[in-house]
>>> print(open('work.txt').read())   # compact mmCIF, C-alpha atoms (C1' of nucleotides)
# COMPACT_ATOMS: atom_id res chain seq x y z
CA MET S 1 0.00 0.00 0.00
CA SER S 2 2.28 2.73 1.23
CA VAL S 3 5.04 3.64 -1.13
CA SER S 4 8.48 4.60 0.06
CA LYS S 5 9.66 8.09 -0.68
CA THR S 6 12.46 6.90 -2.89
CA ALA S 7 10.09 4.78 -4.88
CA ALA S 8 7.73 7.71 -5.19
CA THR S 9 10.38 10.06 -6.45
CA GLU S 10 11.52 7.42 -8.87
CA ALA S 11 7.97 7.06 -10.05
CA SER S 12 7.72 10.77 -10.65
CA LYS S 13 10.23 10.50 -13.47
CA THR S 14 8.28 7.72 -15.08
CA ARG S 15 5.55 8.98 -17.10
CA LYS S 16 3.97 10.73 -19.69
CA GLU S 17 0.64 9.40 -20.55
CA ALA S 18 -2.24 10.30 -22.82
CA GLY S 19 -5.20 11.48 -20.80
CA GLU S 20 -7.36 14.40 -19.81
CA GLY S 21 -5.30 17.44 -19.08
CA GLY S 22 -2.90 15.78 -16.69
CA SER S 23 -0.41 13.48 -18.29
CA GLU S 24 0.63 12.05 -14.94
CA HIS S 25 -0.84 9.40 -12.74
CA ALA S 26 -3.87 10.49 -10.86
CA LEU S 27 -3.07 11.77 -7.41
CA GLN S 28 -4.75 10.40 -4.32
CA MET S 29 -7.50 12.76 -3.37
CA GLY S 30 -7.76 11.36 0.14
CA GLU S 31 -10.24 13.07 2.43
CA LEU S 32 -10.46 15.84 -0.14
CA SER S 33 -13.20 13.86 -1.87
CA GLU S 34 -15.24 14.09 1.32
CA LEU S 35 -14.53 17.69 2.09
CA LEU S 36 -17.70 19.72 1.86
CA GLY S 37 -16.08 23.02 0.99
CA TYR S 38 -13.90 21.58 -1.70
CA LEU S 39 -16.73 19.76 -3.44
CA MET S 40 -19.04 22.71 -3.06
CA LYS S 41 -16.56 25.11 -4.61
CA ARG S 42 -15.78 22.75 -7.46
CA ALA S 43 -19.45 22.14 -8.16
CA GLN S 44 -20.25 25.83 -7.97
CA LEU S 45 -17.63 26.67 -10.56
CA LYS S 46 -19.02 24.05 -12.90
CA VAL S 47 -22.53 25.36 -12.44
CA PHE S 48 -21.50 28.94 -13.19
CA GLU S 49 -19.56 27.73 -16.21
CA ASP S 50 -22.62 25.97 -17.55
CA PHE S 51 -24.83 28.94 -16.80
CA LEU S 52 -22.58 31.23 -18.81
CA ARG S 53 -22.58 28.76 -21.69
CA CYS S 54 -26.35 28.37 -21.69
CA VAL S 55 -27.09 32.05 -21.52
CA ALA S 56 -24.15 33.17 -23.64
CA PRO S 57 -26.35 34.54 -26.47
CA LEU S 58 -27.65 37.13 -24.02
CA GLN S 59 -24.31 37.94 -22.42
CA LEU S 60 -25.60 37.66 -18.88
CA THR S 61 -23.64 36.56 -15.85
CA PRO S 62 -25.36 34.74 -12.99
CA ALA S 63 -25.17 37.91 -10.91
CA GLN S 64 -26.67 40.06 -13.66
CA PHE S 65 -29.43 37.55 -14.20
CA SER S 66 -30.26 37.57 -10.52
CA VAL S 67 -30.45 41.36 -10.54
CA LEU S 68 -32.86 41.37 -13.47
CA LEU S 69 -34.98 38.71 -11.81
CA LEU S 70 -35.15 40.55 -8.52
CA VAL S 71 -35.84 43.97 -10.01
CA ASP S 72 -38.59 42.50 -12.14
CA ARG S 73 -40.22 40.79 -9.20
CA ASN S 74 -39.91 43.78 -6.91
CA PRO S 75 -41.00 46.99 -8.59
CA GLY S 76 -40.36 50.21 -6.75
CA ARG S 77 -37.30 49.07 -4.81
CA ASN S 78 -34.11 51.06 -4.63
CA GLN S 79 -30.50 50.07 -5.11
CA THR S 80 -29.77 49.38 -1.47
CA GLU S 81 -32.70 47.03 -1.10
CA ILE S 82 -31.91 45.03 -4.21
CA ALA S 83 -28.21 44.89 -3.44
CA ASN S 84 -28.79 43.83 0.17
CA THR S 85 -31.09 41.03 -0.84
CA LEU S 86 -28.49 39.67 -3.23
CA GLY S 87 -25.64 40.03 -0.76
CA ILE S 88 -23.95 42.63 -2.94
CA LEU S 89 -22.33 45.57 -1.23
CA ARG S 90 -23.77 48.88 -2.26
CA PRO S 91 -20.54 50.33 -3.65
CA ASN S 92 -20.03 47.28 -5.82
CA PHE S 93 -23.57 47.41 -7.04
CA VAL S 94 -23.06 50.77 -8.70
CA SER S 95 -20.86 49.60 -11.56
CA MET S 96 -23.09 46.62 -12.02
CA LEU S 97 -26.07 48.86 -12.55
CA ASP S 98 -24.02 51.15 -14.77
CA ASN S 99 -23.45 48.14 -16.99
CA LEU S 100 -27.07 47.03 -17.11
CA GLU S 101 -28.24 50.59 -17.68
CA SER S 102 -25.73 51.17 -20.48
CA ARG S 103 -27.14 48.11 -22.21
CA ASP S 104 -30.65 49.48 -21.80
CA LEU S 105 -31.79 46.57 -19.66
CA CYS S 106 -32.46 48.54 -16.50
CA MET S 107 -33.19 52.11 -15.45
CA ARG S 108 -32.57 54.20 -12.35
CA MET S 109 -35.42 56.56 -11.55
CA ARG S 110 -35.38 59.17 -8.84
CA SER S 111 -37.93 58.40 -6.20
CA THR S 112 -40.55 61.06 -5.56
CA ASN S 113 -40.78 60.06 -1.92
CA ASP S 114 -37.09 60.09 -1.17
CA ARG S 115 -34.95 62.00 -3.58
CA ARG S 116 -31.84 60.27 -2.37
CA SER S 117 -32.82 56.87 -3.66
CA HIS S 118 -32.99 55.41 -7.11
CA ILE S 119 -35.95 53.24 -7.91
CA LEU S 120 -34.95 50.40 -10.20
CA VAL S 121 -37.04 49.40 -13.17
CA LEU S 122 -36.50 47.06 -16.06
CA THR S 123 -36.77 48.52 -19.54
CA ASP S 124 -38.88 46.80 -22.19
CA LYS S 125 -35.67 45.36 -23.58
CA GLY S 126 -34.71 44.30 -20.07
CA ARG S 127 -37.96 42.41 -19.65
CA ALA S 128 -37.56 40.81 -23.05
CA VAL S 129 -34.00 39.74 -22.33
CA LEU S 130 -35.02 38.43 -18.94
CA ALA S 131 -37.79 36.37 -20.52
CA ARG S 132 -35.40 34.86 -23.04
CA ALA S 133 -32.83 34.25 -20.33
CA LYS S 134 -35.38 32.48 -18.14
CA LYS S 135 -36.23 30.20 -21.02
CA LEU S 136 -32.59 29.39 -21.72
CA VAL S 137 -31.91 28.73 -18.06
CA ALA S 138 -34.93 26.47 -17.73
CA THR S 139 -34.52 24.49 -20.94
CA LYS S 140 -30.75 24.23 -21.05
CA HIS S 141 -29.25 24.88 -17.64
CA GLU S 142 -31.68 23.51 -15.08
CA ALA S 143 -32.72 20.80 -17.49
CA ARG S 144 -29.15 19.61 -17.48
CA LEU S 145 -29.28 19.21 -13.74
CA ASN S 146 -32.42 17.16 -14.12
CA GLU S 147 -30.73 14.81 -16.55
CA LEU S 148 -27.77 14.43 -14.26
CA LEU S 149 -29.57 13.89 -10.95
CA GLY S 150 -33.17 13.20 -11.75
CA PRO S 151 -36.06 15.40 -10.61
CA ALA S 152 -36.27 14.02 -7.08
CA ASN S 153 -32.58 14.44 -6.38
CA ARG S 154 -32.57 17.85 -7.99
CA THR S 155 -35.33 18.98 -5.65
CA ALA S 156 -33.53 17.47 -2.69
CA LEU S 157 -30.30 19.20 -3.67
CA LEU S 158 -31.93 22.61 -3.97
CA ALA S 159 -33.60 22.12 -0.61
CA MET S 160 -30.31 21.24 1.07
CA LEU S 161 -28.49 24.15 -0.52
CA THR S 162 -31.26 26.46 0.64
CA LYS S 163 -30.94 25.13 4.15
CA ILE S 164 -27.17 25.51 4.16
CA ALA S 165 -27.37 29.02 2.73
CA ALA S 166 -29.89 29.98 5.40
CA GLU S 167 -28.72 28.18 8.53
CA PHE S 168 -25.11 27.19 8.21
CA MET K 169 -0.21 41.12 9.01
CA SER K 170 -2.32 39.02 6.79
CA VAL K 171 -5.24 39.47 9.12
CA SER K 172 -7.43 39.89 6.10
CA LYS K 173 -9.08 36.56 6.73
CA THR K 174 -10.00 37.38 10.30
CA ALA K 175 -10.94 40.86 9.25
CA ALA K 176 -13.31 39.42 6.71
CA THR K 177 -14.99 37.19 9.22
CA GLU K 178 -15.20 40.05 11.68
CA ALA K 179 -16.79 42.16 9.00
CA SER K 180 -19.49 39.60 8.55
CA LYS K 181 -21.09 40.92 11.69
CA THR K 182 -21.47 44.30 10.03
CA ARG K 183 -23.05 42.86 6.93
CA LYS K 184 -26.78 43.05 6.87
CA GLU K 185 -28.45 39.78 6.21
CA ALA K 186 -30.53 39.50 3.12
CA GLY K 187 -34.18 40.02 3.80
CA GLU K 188 -33.68 40.70 7.47
CA GLY K 189 -34.25 43.74 9.55
CA GLY K 190 -37.82 44.33 10.57
CA SER K 191 -38.05 47.79 9.11
CA GLU K 192 -38.40 46.79 5.46
CA HIS K 193 -40.59 44.15 3.96
CA ALA K 194 -38.76 41.16 2.57
CA LEU K 195 -38.36 41.21 -1.16
CA GLN K 196 -39.88 38.55 -3.34
CA MET K 197 -37.16 36.12 -4.27
CA GLY K 198 -39.19 34.65 -7.13
CA GLU K 199 -37.45 32.00 -9.21
CA LEU K 200 -34.22 33.02 -7.49
CA SER K 201 -35.03 30.53 -4.74
CA GLU K 202 -35.01 27.78 -7.34
CA LEU K 203 -31.95 28.91 -9.22
CA LEU K 204 -29.20 26.36 -8.88
CA GLY K 205 -26.29 28.74 -9.34
CA TYR K 206 -27.62 31.27 -6.87
CA LEU K 207 -28.23 28.73 -4.14
CA MET K 208 -24.95 27.00 -4.80
CA LYS K 209 -22.97 30.20 -4.53
CA ARG K 210 -24.75 31.29 -1.38
CA ALA K 211 -24.25 27.90 0.22
CA GLN K 212 -20.61 27.79 -0.79
CA LEU K 213 -19.92 31.15 0.81
CA LYS K 214 -21.54 30.00 4.03
CA VAL K 215 -19.52 26.80 4.01
CA PHE K 216 -16.24 28.65 3.51
CA GLU K 217 -17.19 31.09 6.24
CA ASP K 218 -17.82 28.26 8.64
CA PHE K 219 -14.62 26.50 7.62
CA LEU K 220 -12.60 29.62 8.40
CA ARG K 221 -14.32 29.93 11.76
CA CYS K 222 -13.73 26.32 12.69
CA VAL K 223 -10.10 26.26 11.69
CA ALA K 224 -9.33 29.82 12.73
CA PRO K 225 -6.88 28.78 15.49
CA LEU K 226 -4.64 27.36 12.77
CA GLN K 227 -5.05 30.22 10.32
CA LEU K 228 -5.75 27.98 7.37
CA THR K 229 -7.94 28.78 4.40
CA PRO K 230 -9.83 26.03 2.60
CA ALA K 231 -7.34 26.24 -0.25
CA GLN K 232 -4.35 25.97 2.07
CA PHE K 233 -5.91 23.05 3.87
CA SER K 234 -6.47 21.25 0.59
CA VAL K 235 -2.85 21.78 -0.37
CA LEU K 236 -1.61 20.31 2.90
CA LEU K 237 -3.95 17.36 2.52
CA LEU K 238 -2.87 16.64 -1.01
CA VAL K 239 0.84 17.04 -0.39
CA ASP K 240 0.60 14.75 2.60
CA ARG K 241 -1.27 12.09 0.67
CA ASN K 242 1.01 12.30 -2.36
CA PRO K 243 4.65 12.34 -1.40
CA GLY K 244 7.14 13.02 -4.15
CA ARG K 245 4.89 15.15 -6.32
CA ASN K 246 5.96 18.50 -7.71
CA GLN K 247 4.23 21.85 -7.79
CA THR K 248 2.63 21.40 -11.18
CA GLU K 249 1.07 18.10 -10.24
CA ILE K 250 -0.38 19.33 -6.96
CA ALA K 251 -1.60 22.59 -8.46
CA ASN K 252 -3.21 20.85 -11.44
CA THR K 253 -5.07 18.45 -9.23
CA LEU K 254 -6.49 21.30 -7.21
CA GLY K 255 -7.38 23.36 -10.25
CA ILE K 256 -4.89 26.04 -9.26
CA LEU K 257 -2.85 27.65 -12.01
CA ARG K 258 0.87 27.23 -11.63
CA PRO K 259 1.70 30.92 -11.42
CA ASN K 260 -0.85 31.42 -8.66
CA PHE K 261 0.42 28.41 -6.79
CA VAL K 262 3.82 29.98 -6.27
CA SER K 263 2.79 32.61 -3.76
CA MET K 264 0.60 30.10 -2.03
CA LEU K 265 3.59 27.85 -1.46
CA ASP K 266 5.70 30.82 -0.46
CA ASN K 267 3.19 31.42 2.28
CA LEU K 268 3.07 27.82 3.50
CA GLU K 269 6.84 27.54 3.33
CA SER K 270 7.37 30.80 5.23
CA ARG K 271 5.19 29.37 7.99
CA ASP K 272 7.29 26.22 8.01
CA LEU K 273 4.36 24.00 7.05
CA CYS K 274 5.70 22.85 3.72
CA MET K 275 9.03 22.53 1.92
CA ARG K 276 10.21 22.65 -1.68
CA MET K 277 12.96 20.15 -2.43
CA ARG K 278 14.82 19.93 -5.69
CA SER K 279 14.16 16.63 -7.36
CA THR K 280 17.19 14.49 -8.09
CA ASN K 281 15.56 13.11 -11.20
CA ASP K 282 14.52 16.38 -12.72
CA ARG K 283 16.29 19.42 -11.42
CA ARG K 284 13.63 21.69 -12.80
CA SER K 285 10.93 20.49 -10.48
CA HIS K 286 10.33 21.02 -6.80
CA ILE K 287 9.17 18.03 -4.83
CA LEU K 288 6.74 19.10 -2.16
CA VAL K 289 6.95 17.77 1.37
CA LEU K 290 5.23 18.65 4.61
CA THR K 291 7.41 19.61 7.51
CA ASP K 292 6.87 18.05 10.91
CA LYS K 293 5.03 21.18 11.89
CA GLY K 294 3.04 20.94 8.69
CA ARG K 295 1.97 17.41 9.52
CA ALA K 296 1.09 18.43 13.04
CA VAL K 297 -0.97 21.39 11.88
CA LEU K 298 -2.67 19.24 9.28
CA ALA K 299 -3.59 16.70 11.92
CA ARG K 300 -5.06 19.36 14.16
CA ALA K 301 -6.87 20.91 11.23
CA LYS K 302 -8.37 17.58 10.23
CA LYS K 303 -9.70 17.16 13.73
CA LEU K 304 -11.21 20.63 13.80
CA VAL K 305 -12.79 20.14 10.41
CA ALA K 306 -14.24 16.80 11.38
CA THR K 307 -15.53 17.69 14.83
CA LYS K 308 -16.68 21.25 14.17
CA HIS K 309 -17.19 21.82 10.47
CA GLU K 310 -18.41 18.57 8.99
CA ALA K 311 -20.19 17.74 12.21
CA ARG K 312 -22.20 20.89 11.74
CA LEU K 313 -23.36 19.64 8.37
CA ASN K 314 -24.42 16.42 9.99
CA GLU K 315 -26.54 18.24 12.54
CA LEU K 316 -28.13 20.32 9.84
CA LEU K 317 -28.91 17.62 7.30
CA GLY K 318 -28.49 14.32 9.04
CA PRO K 319 -25.95 11.66 8.00
CA ALA K 320 -27.96 10.25 5.12
CA ASN K 321 -28.65 13.60 3.53
CA ARG K 322 -25.07 14.69 4.10
CA THR K 323 -23.82 11.65 2.21
CA ALA K 324 -26.34 12.26 -0.54
CA LEU K 325 -25.30 15.88 -0.82
CA LEU K 326 -21.62 15.07 -1.11
CA ALA K 327 -22.39 12.47 -3.76
CA MET K 328 -24.40 14.95 -5.81
CA LEU K 329 -21.77 17.65 -5.52
CA THR K 330 -19.16 15.15 -6.64
CA LYS K 331 -21.25 14.24 -9.62
CA ILE K 332 -21.84 17.85 -10.55
CA ALA K 333 -18.18 18.71 -10.15
CA ALA K 334 -17.24 15.80 -12.37
CA GLU K 335 -19.91 15.69 -15.04
CA PHE K 336 -21.70 19.00 -15.26
C1' DT A 337 -37.08 75.56 14.22
C1' DA A 338 -32.12 74.73 14.34
C1' DA A 339 -28.65 71.50 14.96
C1' DT A 340 -27.27 66.94 14.48
C1' DA A 341 -27.53 62.26 12.94
C1' DA A 342 -28.55 58.81 9.55
C1' DT A 343 -29.33 57.20 4.80
C1' DT A 344 -28.53 56.89 -0.35
C1' DG A 345 -25.83 56.60 -4.19
C1' DT A 346 -21.25 57.31 -5.41
C1' DT A 347 -16.05 57.47 -5.82
C1' DA A 348 -11.67 55.88 -4.53
C1' DT A 349 -8.86 52.41 -2.92
C1' DT A 350 -7.28 48.07 -1.31
C1' DG A 351 -6.65 43.11 -1.20
C1' DA A 352 -7.90 38.45 -2.80
C1' DC A 353 -8.41 35.60 -6.65
C1' DC A 354 -8.07 34.09 -11.53
C1' DA A 355 -5.87 34.17 -15.96
C1' DT A 356 -2.27 35.05 -19.63
C1' DA A 357 2.19 36.00 -21.43
C1' DT A 358 6.87 35.50 -20.79
C1' DC A 359 11.42 34.05 -18.94
C1' DA A 360 15.60 31.20 -17.49
C1' DA A 361 17.00 26.79 -16.35
C1' DA A 362 16.65 22.11 -17.17
C1' DT A 363 15.23 18.33 -19.82
C1' DA A 364 13.30 15.97 -24.05
C1' DT A 365 13.11 15.45 -28.85
C1' DT A 366 14.75 15.59 -33.45
C1' DA G 367 23.96 19.74 -32.00
C1' DA G 368 19.77 22.20 -32.69
C1' DT G 369 15.23 22.72 -31.37
C1' DA G 370 11.19 22.06 -28.58
C1' DT G 371 9.05 21.26 -24.19
C1' DT G 372 8.60 21.43 -19.26
C1' DT G 373 9.13 23.62 -14.59
C1' DG G 374 9.03 27.18 -11.43
C1' DA G 375 8.84 31.97 -11.35
C1' DT G 376 7.73 37.04 -12.39
C1' DA G 377 4.90 40.53 -14.13
C1' DT G 378 0.57 42.06 -15.26
C1' DG G 379 -4.44 42.70 -15.98
C1' DG G 380 -9.19 41.66 -14.77
C1' DT G 381 -12.88 40.62 -11.78
C1' DC G 382 -14.78 40.61 -7.08
C1' DA G 383 -15.21 41.80 -2.40
C1' DA G 384 -14.57 45.11 1.28
C1' DT G 385 -13.76 49.70 3.66
C1' DA G 386 -13.58 54.64 4.05
C1' DA G 387 -15.23 58.85 2.78
C1' DC G 388 -18.26 62.40 0.50
C1' DA G 389 -22.43 65.26 -1.21
C1' DA G 390 -27.17 65.37 -1.24
C1' DT G 391 -31.10 64.37 1.11
C1' DT G 392 -33.98 62.97 4.85
C1' DA G 393 -34.76 61.81 9.86
C1' DT G 394 -34.11 62.85 14.58
C1' DT G 395 -33.93 65.60 18.58
C1' DA G 396 -32.83 69.42 21.51
>>> encode(input="work.txt", output="C-alpha cells")
Amino acid sequence: MSVSKTAATEASKTRKEAGEGGSEHALQMGELSELLGYLMKRAQLKVFEDFLRCVAPLQLTPAQFSVLLLVDRNPGRNQTEIANTLGILRPNFVSMLDNLESRDLCMRMRSTNDRRSHILVLTDKGRAVLARAKKLVATKHEARLNELLGPANRTALLAMLTKIAAEF
Amino acid sequence: MSVSKTAATEASKTRKEAGEGGSEHALQMGELSELLGYLMKRAQLKVFEDFLRCVAPLQLTPAQFSVLLLVDRNPGRNQTEIANTLGILRPNFVSMLDNLESRDLCMRMRSTNDRRSHILVLTDKGRAVLARAKKLVATKHEARLNELLGPANRTALLAMLTKIAAEF
DNA sequence: TAATAATTGTTATTGACCATATCAAATATT
DNA sequence: AATATTTGATATGGTCAATAACAATTATTA
C-alpha cells in the first residue's frame, strides 16, 4: 500500500501518458473527496460555467441575471434594497447597474418620496432579455441538472443548498 | 499582518443579512429561490465562512488546507502536479507555497531526477498542523453539516456535488 | 425651528483571486 | 547539435469583495 519516498520520487520521473489534461498518474485525493467546501466550490464553478454557456447569447452573468430577476419581481425598490437582498455591497452594485443601464436593460429613476434613492425598473428590452434568459436557463441549464440527478434528487439538492445558505 | 481573513470574518457581523431587519418588507425572491447557481454560490460562501471559523486557530484557508492534505497524501509530487489536481494555475500556486513555506508547514525540495521540479513535502510542523486541522474540520465543520442535514442527507449531498463537479 | 444624525448613491482604494504571457534553467526530442 | 518542451517563477491585468469617505437628502432631537 504505502510507497516509500524513494520509490515515489523514482515514479515521478516515469511517465507521460495520454489522458485528460494531466499526463501524470492520478493523485490520491484522500479526504479531499469528502470535504464539503472543496466539493461545493468545485461544483459551484461548474454550475456557473454551464450557466454562462447556456445564456451566452444574451451575455448575462449569474449575478446580472439575478439582478434582473429581482428587479422585475420587486418593482419600486431602490438600489440598497436590491443589493442587500443579493448580498452585494452597495458600492459594488453601482458599476453593475451602470453596466445594465448602459445596455438598456435597466433604469434608475429618482424616487418622488425620497430624492436620495434610485428606484430600479427594467426597460422593455430588459424584460424581453429576462424572458429569453429564463427560457434558456430552464430548458438548457436547469434541465441539465435534471438529466444528471433526476427530478427528485434535484429537488432534494436545492432544498439542502437552501438550508445551508440559510442556517449554516 | 495578513489578518485579512479574520478581518473578513469580523466584518461579517457588520453585513446586513438578506431580507432581514424588521423595518423593510422582505423582497420577493421569485425563481431566485429555485436557481441552482444562486443557491450554490450562497451555500458555498456559508460553508467557507464556517470553515474559516472552525479552523481559525490554525489560520488555514480552505485552499491551504487542501494543499496540505494533497501534499501529505502524495509524497514526491511536484508543484505542477499538486496545483493541477487542485485546479490552481501554476503561477498562482507559487505565492501560495511561499506562504506555507514561510510558515514552516511545507518545503520545496529539488528533485534528483529532474532538477527543474520542486518536490513538495510537509514539515513536521506541517503534519502536526494538518492533523489538528483535520480534527477541527471533522468535529466542528463537517459535524455541523451532519446536525443540519443528518448523516444520510449529508452523504447524498456530497455524492451529488461530486457528480456535478465531475460531469456538469 | 435649528442642529445633528442617519441614509442613499457614489467614488476611490485596497486586497484576494483568476488568468495570460513570458522568462531562465533544465530536460526531451529531433 | 539544434530545437522544442517542461518547470518554477515574475509581471501584469481583470474581476470581485470590502472599507472609508463624500455630497445630497432625509430623519431625529434638543
>>> atom_distance(input="work.txt", atom1="C1' of DA383 (chain G)", atom2="C1' of DC353 (chain A)")
10.1 Å
>>> closest_atom_pairs(input="work.txt", of="chain G", to="chain S", cutoff="12 Å", atoms="all atoms listed in the file", output="CSV")
residue,atom,partner,partner_atom,distance
G:DT372,C1',S:Lys16,CA,11.7
G:DT381,C1',S:Asn92,CA,11.4
G:DC382,C1',S:Asn92,CA,8.6
G:DA383,C1',S:Asn92,CA,8.1
G:DA384,C1',S:Leu89,CA,8.2
G:DT385,C1',S:Pro91,CA,10.0
G:DA386,C1',S:Pro91,CA,11.2
G:DA387,C1',S:Pro91,CA,11.9
G:DA389,C1',S:Arg116,CA,10.7
G:DA390,C1',S:Arg116,CA,7.0
G:DT391,C1',S:Arg116,CA,5.4
G:DT392,C1',S:Asp114,CA,7.4
G:DA393,C1',S:Asp114,CA,11.4
>>> atom_distance(input="work.txt", atom1="CA of Val121 (chain S)", atom2="CA of Leu158 (chain S)")
28.8 Å
>>> closest_atom_pairs(input="work.txt", of="chain A", to="chain S", cutoff="8 Å", atoms="all atoms listed in the file", output="tab-separated table")
residue	atom	partner	partner_atom	distance
A:DT344	C1'	S:Arg116	CA	5.1
A:DG345	C1'	S:Ser117	CA	7.0
A:DT346	C1'	S:Pro91	CA	7.2
>>> calpha_fit_rmsd(input="work.txt", fixed="chain S", moving="chain K")
10.9 Å
>>> residues_near_point(input="work.txt", point="(14.6, 32.8, -18.7)", cutoff="12 Å", atoms="only C-alpha atoms (C1' of nucleotides)", output="PDB file with C-alpha atoms (C1' of nucleotides), keeping the file's coordinate frame")
ATOM      1  C1'  DT A 358       6.870  35.500 -20.790  1.00  0.00           C
ATOM      2  C1'  DC A 359      11.420  34.050 -18.940  1.00  0.00           C
ATOM      3  C1'  DA A 360      15.600  31.200 -17.490  1.00  0.00           C
ATOM      4  C1'  DA A 361      17.000  26.790 -16.350  1.00  0.00           C
ATOM      5  C1'  DA A 362      16.650  22.110 -17.170  1.00  0.00           C
TER       6       DA A 362
ATOM      7  C1'  DT G 373       9.130  23.620 -14.590  1.00  0.00           C
ATOM      8  C1'  DG G 374       9.030  27.180 -11.430  1.00  0.00           C
ATOM      9  C1'  DA G 375       8.840  31.970 -11.350  1.00  0.00           C
ATOM     10  C1'  DT G 376       7.730  37.040 -12.390  1.00  0.00           C
TER      11       DT G 376
END
>>> residues_around(input="work.txt", residues="region 50-67 of chain S", least_positions_apart="6", cutoff="8 Å", atoms="only C-alpha atoms (C1' of nucleotides)", output="PyMOL selection string")
(chain S and resi 82+86+96+100+129-130+133+136-137+140-141) or (chain K and resi 200+205-206+336)
>>> write_last_selection(input="work.txt", atoms="C-alpha atoms", output="compact mmCIF listing (two decimals), in the coordinates of the input")
# COMPACT_ATOMS: atom_id res chain seq x y z
CA ILE S 82 -31.91 45.03 -4.21
CA LEU S 86 -28.49 39.67 -3.23
CA MET S 96 -23.09 46.62 -12.02
CA LEU S 100 -27.07 47.03 -17.11
CA VAL S 129 -34.00 39.74 -22.33
CA LEU S 130 -35.02 38.43 -18.94
CA ALA S 133 -32.83 34.25 -20.33
CA LEU S 136 -32.59 29.39 -21.72
CA VAL S 137 -31.91 28.73 -18.06
CA LYS S 140 -30.75 24.23 -21.05
CA HIS S 141 -29.25 24.88 -17.64
CA LEU K 200 -34.22 33.02 -7.49
CA GLY K 205 -26.29 28.74 -9.34
CA TYR K 206 -27.62 31.27 -6.87
CA PHE K 336 -21.70 19.00 -15.26
>>> interface_residues(input="work.txt", of="chain K", to="chain S", cutoff="6 Å", atoms="all atoms listed in the file", output="list in words")
Ala186, Gly187, Gly205, Leu207, Met208, Arg210, Ala211, Gln212, Val215, Gly244, Leu329, Ile332 and Ala333 of chain K
>>> atom_distance(input="work.txt", atom1="CA of Thr307 (chain K)", atom2="CA of Lys293 (chain K)")
21.1 Å
>>> axis_aligned_box(input="work.txt", around="region 337-343 of chain A", padding_each_side="5 Å", output="JSON")
{"center_x": -32.2, "center_y": 66.4, "center_z": 9.9, "size_x": 19.8, "size_y": 28.4, "size_z": 20.2}
>>> decode(input="work.txt", residues="region 377-388 of chain G", atoms="N, CA, C and O atoms (P, O5', C5', C4', C3', O3' and C1' of nucleotides)", output="CSV table (one decimal), in the first residue's frame")
chain,number,residue,atom,x,y,z
G,377,DA,P,8.8,40.9,-10.6
G,377,DA,O5',7.9,41.3,-11.8
G,377,DA,C5',8.2,40.9,-13.1
G,377,DA,C4',7.1,41.3,-14.1
G,377,DA,C3',6.2,42.4,-13.6
G,377,DA,O3',6.0,43.3,-14.7
G,377,DA,C1',4.9,40.5,-14.1
G,378,DT,P,5.2,44.7,-14.4
G,378,DT,O5',3.8,44.4,-15.0
G,378,DT,C5',3.6,43.6,-16.2
G,378,DT,C4',2.2,43.2,-16.4
G,378,DT,C3',1.2,44.3,-15.9
G,378,DT,O3',0.4,44.7,-16.9
G,378,DT,C1',0.6,42.1,-15.3
G,379,DG,P,-0.7,45.9,-16.7
G,379,DG,O5',-2.1,45.3,-17.0
G,379,DG,C5',-2.2,44.3,-18.1
G,379,DG,C4',-3.6,43.6,-17.9
G,379,DG,C3',-4.7,44.5,-17.5
G,379,DG,O3',-5.9,44.2,-18.2
G,379,DG,C1',-4.4,42.7,-16.0
G,380,DG,P,-7.2,45.1,-18.0
G,380,DG,O5',-8.3,44.1,-17.5
G,380,DG,C5',-8.4,42.8,-18.0
G,380,DG,C4',-9.3,41.9,-17.1
G,380,DG,C3',-10.4,42.8,-16.5
G,380,DG,O3',-11.7,42.1,-16.7
G,380,DG,C1',-9.2,41.7,-14.8
G,381,DT,P,-13.0,42.9,-16.4
G,381,DT,O5',-13.6,42.0,-15.2
G,381,DT,C5',-13.5,40.6,-15.3
G,381,DT,C4',-13.7,40.0,-13.9
G,381,DT,C3',-14.9,40.6,-13.1
G,381,DT,O3',-15.6,39.5,-12.6
G,381,DT,C1',-12.9,40.6,-11.8
G,382,DC,P,-17.2,39.8,-12.3
G,382,DC,O5',-17.2,39.5,-10.7
G,382,DC,C5',-16.3,40.1,-9.9
G,382,DC,C4',-16.1,39.4,-8.6
G,382,DC,C3',-17.0,40.0,-7.5
G,382,DC,O3',-17.3,38.9,-6.6
G,382,DC,C1',-14.8,40.6,-7.1
G,383,DA,P,-18.4,39.2,-5.5
G,383,DA,O5',-17.5,39.8,-4.2
G,383,DA,C5',-16.7,38.9,-3.6
G,383,DA,C4',-15.9,39.6,-2.5
G,383,DA,C3',-16.8,40.3,-1.5
G,383,DA,O3',-16.3,40.1,-0.2
G,383,DA,C1',-15.2,41.8,-2.4
G,384,DA,P,-17.3,40.4,1.1
G,384,DA,O5',-16.6,41.7,1.7
G,384,DA,C5',-15.2,41.7,2.0
G,384,DA,C4',-14.7,43.1,2.3
G,384,DA,C3',-15.6,44.0,3.1
G,384,DA,O3',-15.1,44.2,4.4
G,384,DA,C1',-14.6,45.1,1.3
G,385,DT,P,-15.9,45.2,5.4
G,385,DT,O5',-15.1,46.6,5.3
G,385,DT,C5',-13.7,46.6,5.4
G,385,DT,C4',-13.2,48.0,5.2
G,385,DT,C3',-14.0,49.1,5.9
G,385,DT,O3',-13.2,49.8,6.8
G,385,DT,C1',-13.8,49.7,3.7
G,386,DA,P,-13.8,51.0,7.7
G,386,DA,O5',-13.4,52.3,6.9
G,386,DA,C5',-12.1,52.4,6.3
G,386,DA,C4',-12.0,53.7,5.6
G,386,DA,C3',-12.7,54.9,6.2
G,386,DA,O3',-11.9,56.1,6.1
G,386,DA,C1',-13.6,54.6,4.0
G,387,DA,P,-12.3,57.4,6.9
G,387,DA,O5',-12.9,58.3,5.7
G,387,DA,C5',-12.2,58.5,4.5
G,387,DA,C4',-13.1,59.2,3.5
G,387,DA,C3',-13.9,60.3,4.1
G,387,DA,O3',-13.7,61.5,3.3
G,387,DA,C1',-15.2,58.9,2.8
G,388,DC,P,-14.2,62.9,3.8
G,388,DC,O5',-15.2,63.4,2.6
G,388,DC,C5',-14.9,63.1,1.3
G,388,DC,C4',-16.1,63.3,0.4
G,388,DC,C3',-17.1,64.4,1.0
G,388,DC,O3',-17.4,65.4,0.1
G,388,DC,C1',-18.3,62.4,0.5
